[in-house]
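Remarks on the structure that follows.
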Amino acid sequence: MESSDSSYSTHLIDGDGIFNVAGVETFMKGVKLAECGLSYAVVSIMGPQSSGKSTLLNNLFGTNFREMDAFKGRSQTTKGIWMARCAGIEPCTIVMDLEGTDGRERGEDDTAFEKQSALFALAVSDIVLINMWCHDIGREQAANKPLLKTVFQVMMRLFSPRKTTLLFVIRDKTRTPLENLEPVLREDIQKIWDSVPKPQAHMETPLSEFFNVEVVALSSYEEKEEQFKEQVASLRQRFHHSIAPGGLAGDRRGVVPASGFSFSSQQIWRVIKENKDLDLPAHKVMVATVRCEEIANEKYAAFAANEEWCQLEETVQSGPILGFGKKLNSLLDVYLSEYDAEAIYFDEGVRSAKQKQLQEKLLQLVQPAFQSALGHIRSGTLDKFKETFDKALERGEGFSEAANNCIESCMAQFDKACADVVIEQASWDTSKVREKLQRDIDAHVESVRAAKISELTSSYEEKLKESLSGPVEALLDGANSDTWPSIRNLLRRETESAVLGFSSALSGFDMNEDTRQKMILSLEDYAQGVVEGKAKEEAGRVLIRMKDRFTMLFSHDSDSMPRVWTGKEDIRAITKTARSASLKLLSVMAVIRLADDDTDNIEKTLAVALVDSSNSAVNKSMTMVDPLASSTWEQVPSSNTLITPVQCKSLWRQFKTETEYSVSQAISAQEANKRNNNWLPPPWAILALVILGFNEFMTLLRNPLYLGLIFVGYLLLKALWMQLDVSGEFRNGALPGIISLTSKFIPTIMNLMKKLAEEGQNPANNNPQRNQSKNNHNALTGNAVSSTASSNVTSLDNEKEYSNPSKYE
């Protein structure tokens, strides 16, 4: 491309008919043609070779087309089609200098290229200058006739021709006035138009429908150069605002927007070269389609590379963005507006379709970011709901009320946040995200509801367990006739209290009556299960309980004092009483009796089968069929059975075996006590001793020293007796007593001797023997007091530990 300060020029189509695509693109960028929209004009010039076309254009538009050097001879100067921008003319005007017609250089190809270039000029130009000599007007075979025929013939190949202005420039005007030349020229033009074959649709179409014909005359450039330039300057003024109403091309039609000029020209030339008819409306749509798609692709690429969008897309992946929708809408509006501005002059249908495609592509590009923004809003709203819901519950609000209030508040916040990210150009529905949020919230509410109800249920179950386990265990431990009625009253009382509180607490959860009743029944069943479980647990320890009760009743009297088997107690009666109480405990623990109408004869059956089986002939006849030879109790469901009859029989047998040792021990202790209490000799032996020992007794009376020695011996024997606790040792039998005394005798003697030695070292009193006797007596008395105190403490402890045995009977 050649350039000057005021104009640009380029070779549009070379002499071989090759379209210079790169040159045209560079030319358009240089003159900024794409920014002109429809505000531009295209002027072309036709005429015979060496008729001064380039000279006229350079003087008229300030271009720099190559001119012929007259001194070198008349030859072809312009080859193909050149294009340049007119300097200093608004709007932007592009002028094309066509190769001259009727040239000798092309030979036979002259007519073909002449028609092709003429058709190209008519298809793209708003104004066509026809350069002709003044002296050719009126001649039948003048050079302008073939040119005009060519113009009119190729015009018929345009399906919808433009309204082109034909400006006839008469060169080297003579003295003949223009007013006389113009009618002749117009008559010749009309004749040529009438003689040109036309398609059926345009047989009657006048010339004015296709062309505006203008005539102008110029003086000779060589002979009257100054006058020529003045006339050219006057003609130049007509090209200012040529496309405005009233201008040279004010009524033009089918203008291609400037940004599509290069592509349109290229496609028009391709069709012309292929010798095809040129459908301008279809061509216009095709150009609009290509250019609008190019513009759309440019805007899409520009948006995708936009720094603000890239930052927005990156940021939204990690968290919510305040004003996301507003920012994105603003960006989309910018690029869609830019598309509209650049494509506004193209075919409206094509422009709208491509604009819609661009919008869809942009929305497809931003949709993931939109979904991410919605996802952040959903998760943020869900987290906010969980937080506010938990705080509402901590403040003591009712569950259903708190849930409804928090749901309403959070869904309103979600809707508001969604409005902030909505894309105005898209009709995306956020209802699915809203529904998912609603489902998530409902699931969380149900989860919390289940946890709260479970926690509430566990709390009341724990209370019931605490209020029932201990008392039931205590009642079963002291089993008697009132045990199960007491348990039933306890169960009813605690269950009613728990159900009342539980039902009141459930009222805040907004549940249906059937579910509420099921939960209350479940709590009641749990309470009963606690009692039954405790009963089963105690039934598993029934043998231990029976032995403990037997031991307590057998080893303690009615005042809960430990029994001392002195020989006066009725061991048989005591044993029977203790076993009857143990049997009572077994009968109570045998089955569960939680129904008010529970009646059974288990105690009687056990008594008859286990205690009274050998008392009478009637009982013997009854025991011919063993009532305990069964795995179920009569009139008692198996689910309420804790200890079967067979198990009762086995337990009783084991119980008797393990308690027989205590009874035998008691009998042995009683016999030993009797033997210990009968240590005096018989009366006849005492009488014999008195009679036979009379002389010795009298001797003692006559000699008081013997009495003193006997008295000292008595004191020593008494002290030894007290220290050895002879009567206590023989309480458990003679043999154990002898063995125990044998082991304690020597240490006791040594202890007494030690004390006597210590007393002998003290200062002597008036009566040392008396003091020693007194000390021994005090020591013995102290030991007796200590023994008595120990016995009393033991008795008090036993009284505290055991209660009156009569309560089990």
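Scheme for the structure tokens: letters A, B, ... for chains in order shown; per-chain residue numbers from 1; ligand numbers from 1 in order shown.
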
Tell me, which residues of range 71-307 of chain A carry DSSP strand (DSSP E or B), written as an mmCIF file with N, CA, C and O atoms, in the first residue's frame?
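Produced file out_6.cif, reproduced below:
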data_model
loop_
_atom_site.group_PDB
_atom_site.id
_atom_site.type_symbol
_atom_site.label_atom_id
_atom_site.label_comp_id
_atom_site.auth_asym_id
_atom_site.auth_seq_id
_atom_site.Cartn_x
_atom_site.Cartn_y
_atom_site.Cartn_z
ATOM 1 N N ILE A 81 -7.896 -2.893 -10.980
ATOM 2 C CA ILE A 81 -8.676 -1.889 -10.269
ATOM 3 C C ILE A 81 -7.864 -1.430 -9.068
ATOM 4 O O ILE A 81 -7.404 -2.245 -8.255
ATOM 5 N N TRP A 82 -7.687 -0.117 -8.962
ATOM 6 C CA TRP A 82 -7.012 0.479 -7.812
ATOM 7 C C TRP A 82 -8.042 1.168 -6.925
ATOM 8 O O TRP A 82 -9.103 1.569 -7.381
ATOM 9 N N MET A 83 -7.685 1.288 -5.644
ATOM 10 C CA MET A 83 -8.613 1.878 -4.689
ATOM 11 C C MET A 83 -7.849 2.826 -3.789
ATOM 12 O O MET A 83 -6.714 2.554 -3.389
ATOM 13 N N ALA A 84 -8.465 3.961 -3.481
ATOM 14 C CA ALA A 84 -7.837 4.945 -2.598
ATOM 15 C C ALA A 84 -8.917 5.698 -1.843
ATOM 16 O O ALA A 84 -10.091 5.687 -2.213
ATOM 17 N N ARG A 85 -8.488 6.299 -0.747
ATOM 18 C CA ARG A 85 -9.417 7.122 0.030
ATOM 19 C C ARG A 85 -9.329 8.559 -0.467
ATOM 20 O O ARG A 85 -8.241 9.103 -0.674
ATOM 21 N N CYS A 92 -16.472 9.474 4.798
ATOM 22 C CA CYS A 92 -15.352 8.758 4.201
ATOM 23 C C CYS A 92 -15.754 8.261 2.804
ATOM 24 O O CYS A 92 -16.750 7.564 2.638
ATOM 25 N N THR A 93 -14.975 8.648 1.809
ATOM 26 C CA THR A 93 -15.293 8.296 0.421
ATOM 27 C C THR A 93 -14.137 7.492 -0.160
ATOM 28 O O THR A 93 -12.974 7.899 -0.091
ATOM 29 N N ILE A 94 -14.475 6.320 -0.705
ATOM 30 C CA ILE A 94 -13.503 5.433 -1.328
ATOM 31 C C ILE A 94 -13.707 5.525 -2.844
ATOM 32 O O ILE A 94 -14.830 5.373 -3.336
ATOM 33 N N VAL A 95 -12.614 5.739 -3.537
ATOM 34 C CA VAL A 95 -12.690 5.848 -4.994
ATOM 35 C C VAL A 95 -11.915 4.704 -5.622
ATOM 36 O O VAL A 95 -10.854 4.316 -5.139
ATOM 37 N N MET A 96 -12.503 4.124 -6.703
ATOM 38 C CA MET A 96 -11.865 3.015 -7.407
ATOM 39 C C MET A 96 -11.583 3.451 -8.845
ATOM 40 O O MET A 96 -12.486 3.939 -9.552
ATOM 41 N N ASP A 97 -10.352 3.270 -9.248
ATOM 42 C CA ASP A 97 -9.915 3.606 -10.597
ATOM 43 C C ASP A 97 -9.857 2.319 -11.405
ATOM 44 O O ASP A 97 -9.006 1.452 -11.160
ATOM 45 N N LEU A 98 -10.804 2.150 -12.354
ATOM 46 C CA LEU A 98 -10.900 0.932 -13.151
ATOM 47 C C LEU A 98 -9.997 1.024 -14.365
ATOM 48 O O LEU A 98 -9.732 2.116 -14.915
ATOM 49 N N THR A 101 -11.261 0.923 -20.858
ATOM 50 C CA THR A 101 -11.817 0.008 -21.853
ATOM 51 C C THR A 101 -11.211 0.293 -23.210
ATOM 52 O O THR A 101 -10.590 1.338 -23.439
ATOM 53 N N ILE A 127 -21.641 5.816 -6.636
ATOM 54 C CA ILE A 127 -21.547 6.777 -7.735
ATOM 55 C C ILE A 127 -20.543 6.228 -8.743
ATOM 56 O O ILE A 127 -19.437 5.828 -8.366
ATOM 57 N N VAL A 128 -20.950 6.194 -10.021
ATOM 58 C CA VAL A 128 -20.053 5.731 -11.081
ATOM 59 C C VAL A 128 -19.813 6.899 -12.040
ATOM 60 O O VAL A 128 -20.757 7.443 -12.637
ATOM 61 N N LEU A 129 -18.534 7.316 -12.122
ATOM 62 C CA LEU A 129 -18.149 8.362 -13.072
ATOM 63 C C LEU A 129 -17.867 7.711 -14.422
ATOM 64 O O LEU A 129 -17.103 6.741 -14.502
ATOM 65 N N ILE A 130 -18.504 8.229 -15.470
ATOM 66 C CA ILE A 130 -18.246 7.736 -16.829
ATOM 67 C C ILE A 130 -17.517 8.844 -17.569
ATOM 68 O O ILE A 130 -18.081 9.901 -17.894
ATOM 69 N N ASN A 131 -16.256 8.606 -17.773
ATOM 70 C CA ASN A 131 -15.383 9.598 -18.407
ATOM 71 C C ASN A 131 -15.495 9.461 -19.945
ATOM 72 O O ASN A 131 -15.267 8.382 -20.495
ATOM 73 N N MET A 132 -15.877 10.532 -20.640
ATOM 74 C CA MET A 132 -16.046 10.469 -22.094
ATOM 75 C C MET A 132 -15.633 11.800 -22.733
ATOM 76 O O MET A 132 -15.669 12.853 -22.097
ATOM 77 N N TRP A 133 -15.248 11.715 -23.984
ATOM 78 C CA TRP A 133 -14.810 12.905 -24.707
ATOM 79 C C TRP A 133 -16.015 13.654 -25.231
ATOM 80 O O TRP A 133 -17.012 13.079 -25.625
ATOM 81 N N LEU A 158 -27.942 -8.177 -12.017
ATOM 82 C CA LEU A 158 -28.168 -7.931 -10.584
ATOM 83 C C LEU A 158 -29.641 -8.152 -10.287
ATOM 84 O O LEU A 158 -30.501 -7.464 -10.817
ATOM 85 N N THR A 164 -27.931 3.386 -8.418
ATOM 86 C CA THR A 164 -26.604 3.941 -8.657
ATOM 87 C C THR A 164 -26.713 5.265 -9.409
ATOM 88 O O THR A 164 -27.564 5.427 -10.302
ATOM 89 N N THR A 165 -25.848 6.179 -9.015
ATOM 90 C CA THR A 165 -25.778 7.467 -9.701
ATOM 91 C C THR A 165 -24.716 7.386 -10.798
ATOM 92 O O THR A 165 -23.545 7.089 -10.520
ATOM 93 N N LEU A 166 -25.148 7.612 -12.060
ATOM 94 C CA LEU A 166 -24.225 7.655 -13.196
ATOM 95 C C LEU A 166 -23.884 9.115 -13.463
ATOM 96 O O LEU A 166 -24.764 9.907 -13.880
ATOM 97 N N LEU A 167 -22.664 9.499 -13.185
ATOM 98 C CA LEU A 167 -22.212 10.877 -13.407
ATOM 99 C C LEU A 167 -21.334 10.904 -14.664
ATOM 100 O O LEU A 167 -20.202 10.420 -14.656
ATOM 101 N N PHE A 168 -21.911 11.413 -15.750
ATOM 102 C CA PHE A 168 -21.170 11.504 -17.014
ATOM 103 C C PHE A 168 -20.298 12.748 -16.977
ATOM 104 O O PHE A 168 -20.802 13.870 -16.797
ATOM 105 N N VAL A 169 -19.029 12.544 -17.090
ATOM 106 C CA VAL A 169 -18.060 13.635 -17.089
ATOM 107 C C VAL A 169 -17.595 13.853 -18.541
ATOM 108 O O VAL A 169 -16.919 12.993 -19.133
ATOM 109 N N ILE A 170 -18.015 14.996 -19.094
ATOM 110 C CA ILE A 170 -17.646 15.316 -20.487
ATOM 111 C C ILE A 170 -16.323 16.067 -20.435
ATOM 112 O O ILE A 170 -16.241 17.170 -19.883
ATOM 113 N N ARG A 171 -15.314 15.459 -21.056
ATOM 114 C CA ARG A 171 -13.969 16.030 -21.022
ATOM 115 C C ARG A 171 -13.703 16.883 -22.266
ATOM 116 O O ARG A 171 -14.272 16.651 -23.343
ATOM 117 N N PHE A 211 -31.047 4.010 -12.280
ATOM 118 C CA PHE A 211 -29.951 4.965 -12.277
ATOM 119 C C PHE A 211 -30.456 6.385 -12.063
ATOM 120 O O PHE A 211 -31.561 6.742 -12.462
ATOM 121 N N ASN A 212 -29.619 7.148 -11.394
ATOM 122 C CA ASN A 212 -29.734 8.609 -11.415
ATOM 123 C C ASN A 212 -28.683 9.112 -12.399
ATOM 124 O O ASN A 212 -27.494 8.820 -12.232
ATOM 125 N N VAL A 213 -29.068 9.804 -13.401
ATOM 126 C CA VAL A 213 -28.141 10.269 -14.435
ATOM 127 C C VAL A 213 -27.839 11.739 -14.207
ATOM 128 O O VAL A 213 -28.738 12.569 -14.101
ATOM 129 N N GLU A 214 -26.552 12.025 -14.053
ATOM 130 C CA GLU A 214 -26.063 13.387 -13.895
ATOM 131 C C GLU A 214 -25.006 13.644 -14.967
ATOM 132 O O GLU A 214 -24.258 12.731 -15.354
ATOM 133 N N VAL A 215 -24.940 14.912 -15.449
ATOM 134 C CA VAL A 215 -23.986 15.277 -16.506
ATOM 135 C C VAL A 215 -23.208 16.499 -16.053
ATOM 136 O O VAL A 215 -23.794 17.463 -15.522
ATOM 137 N N VAL A 216 -21.891 16.456 -16.270
ATOM 138 C CA VAL A 216 -21.047 17.584 -15.941
ATOM 139 C C VAL A 216 -19.965 17.683 -17.022
ATOM 140 O O VAL A 216 -19.544 16.670 -17.584
ATOM 141 N N ALA A 217 -19.550 18.897 -17.325
ATOM 142 C CA ALA A 217 -18.548 19.102 -18.380
ATOM 143 C C ALA A 217 -17.333 19.790 -17.805
ATOM 144 O O ALA A 217 -17.452 20.664 -16.933
ATOM 145 N N LEU A 278 -25.374 -12.288 -10.066
ATOM 146 C CA LEU A 278 -25.106 -11.772 -8.718
ATOM 147 C C LEU A 278 -26.425 -11.423 -8.036
ATOM 148 O O LEU A 278 -27.119 -10.497 -8.451
#

Q.
Can you tell me, as a VMD selection string, which residues in range 214-377 of chain A count as alpha helix (DSSP H) by DSSP?
A. chain A and resid 225 to 237 261 to 273 280 to 304 307 to 318 324 to 343 348 to 377

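Here CA of Phe261 in chain A stands at a distance of 10.0 Å from CA of Gly37 in chain A.
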
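Closest approach to Val448 in chain A among A:Ala402, A:Leu374, A:Leu322, A:Ile192: A:Ala402, based on only C-alpha atoms.
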
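One distance worth recording is that between CA of Gly260 in chain A and CA of Glu293 in chain A, which is 11.3 Å.
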
Review point. Neighbours of Ser497 in chain A within 12 Å (only C-alpha atoms; same-chain residues fewer than 3 positions away dropped), as a PyMOL selection string?
Key: chain A and resi 460+463-464+467+490-494+500-504+520+523-524+527

Would you save the residues from that selection as a tab-separated table (two decimals), in the first residue's frame, using N, CA and C atoms?
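Printed below is result00.tsv as written:
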chain	number	residue	atom	x	y	z
A	460	TYR	N	-36.54	-39.01	79.70
A	460	TYR	CA	-37.66	-39.54	80.48
A	460	TYR	C	-37.47	-41.02	80.80
A	463	LYS	N	-35.15	-41.06	83.69
A	463	LYS	CA	-35.86	-40.70	84.92
A	463	LYS	C	-36.70	-41.87	85.42
A	464	LEU	N	-37.39	-42.51	84.50
A	464	LEU	CA	-38.19	-43.68	84.90
A	464	LEU	C	-37.31	-44.79	85.46
A	467	SER	N	-36.24	-43.75	88.89
A	467	SER	CA	-37.32	-43.74	89.88
A	467	SER	C	-37.91	-45.12	90.14
A	490	LEU	N	-46.45	-48.16	92.40
A	490	LEU	CA	-45.26	-47.38	92.06
A	490	LEU	C	-45.14	-47.18	90.55
A	491	LEU	N	-45.33	-48.26	89.80
A	491	LEU	CA	-45.24	-48.18	88.34
A	491	LEU	C	-46.30	-47.24	87.79
A	492	ARG	N	-47.51	-47.35	88.27
A	492	ARG	CA	-48.60	-46.49	87.77
A	492	ARG	C	-48.32	-45.03	88.09
A	493	ARG	N	-47.88	-44.77	89.29
A	493	ARG	CA	-47.64	-43.40	89.71
A	493	ARG	C	-46.49	-42.76	88.92
A	494	GLU	N	-45.38	-43.45	88.81
A	494	GLU	CA	-44.23	-42.89	88.09
A	494	GLU	C	-44.50	-42.78	86.59
A	500	LEU	N	-47.21	-37.52	81.60
A	500	LEU	CA	-47.73	-36.16	81.62
A	500	LEU	C	-46.67	-35.17	81.15
A	501	GLY	N	-45.46	-35.27	81.68
A	501	GLY	CA	-44.38	-34.38	81.26
A	501	GLY	C	-43.94	-34.64	79.83
A	502	PHE	N	-43.88	-35.90	79.46
A	502	PHE	CA	-43.47	-36.26	78.10
A	502	PHE	C	-44.46	-35.77	77.06
A	503	SER	N	-45.74	-35.93	77.35
A	503	SER	CA	-46.77	-35.47	76.42
A	503	SER	C	-46.73	-33.96	76.27
A	504	SER	N	-46.51	-33.25	77.36
A	504	SER	CA	-46.41	-31.80	77.29
A	504	SER	C	-45.20	-31.37	76.47
A	520	ILE	N	-45.90	-42.25	73.41
A	520	ILE	CA	-46.33	-42.36	74.82
A	520	ILE	C	-46.45	-43.83	75.22
A	523	LEU	N	-43.11	-45.23	75.80
A	523	LEU	CA	-42.56	-44.85	77.10
A	523	LEU	C	-43.18	-45.70	78.21
A	524	GLU	N	-44.48	-45.94	78.12
A	524	GLU	CA	-45.15	-46.79	79.12
A	524	GLU	C	-44.59	-48.21	79.07
A	527	ALA	N	-41.28	-48.27	80.78
A	527	ALA	CA	-41.40	-48.30	82.24
A	527	ALA	C	-41.70	-49.72	82.73

Handout entry: Nearby residues (only C-alpha atoms) at most 12 Å from Trp193 in chain A, same-chain spacing under 2 positions excluded, as JSON, numbers by chain
Key = {"A": [145, 148, 149, 150, 151, 152, 153, 154, 155, 156, 186, 187, 188, 189, 190, 191, 195, 196, 197, 198, 202, 203, 204, 205, 206, 207, 208, 209, 210, 211]}

Of A:Arg270, A:Lys649, A:Lys656, A:Lys744, the one nearest to Ala629 in chain A when counting only C-alpha atoms is A:Lys649
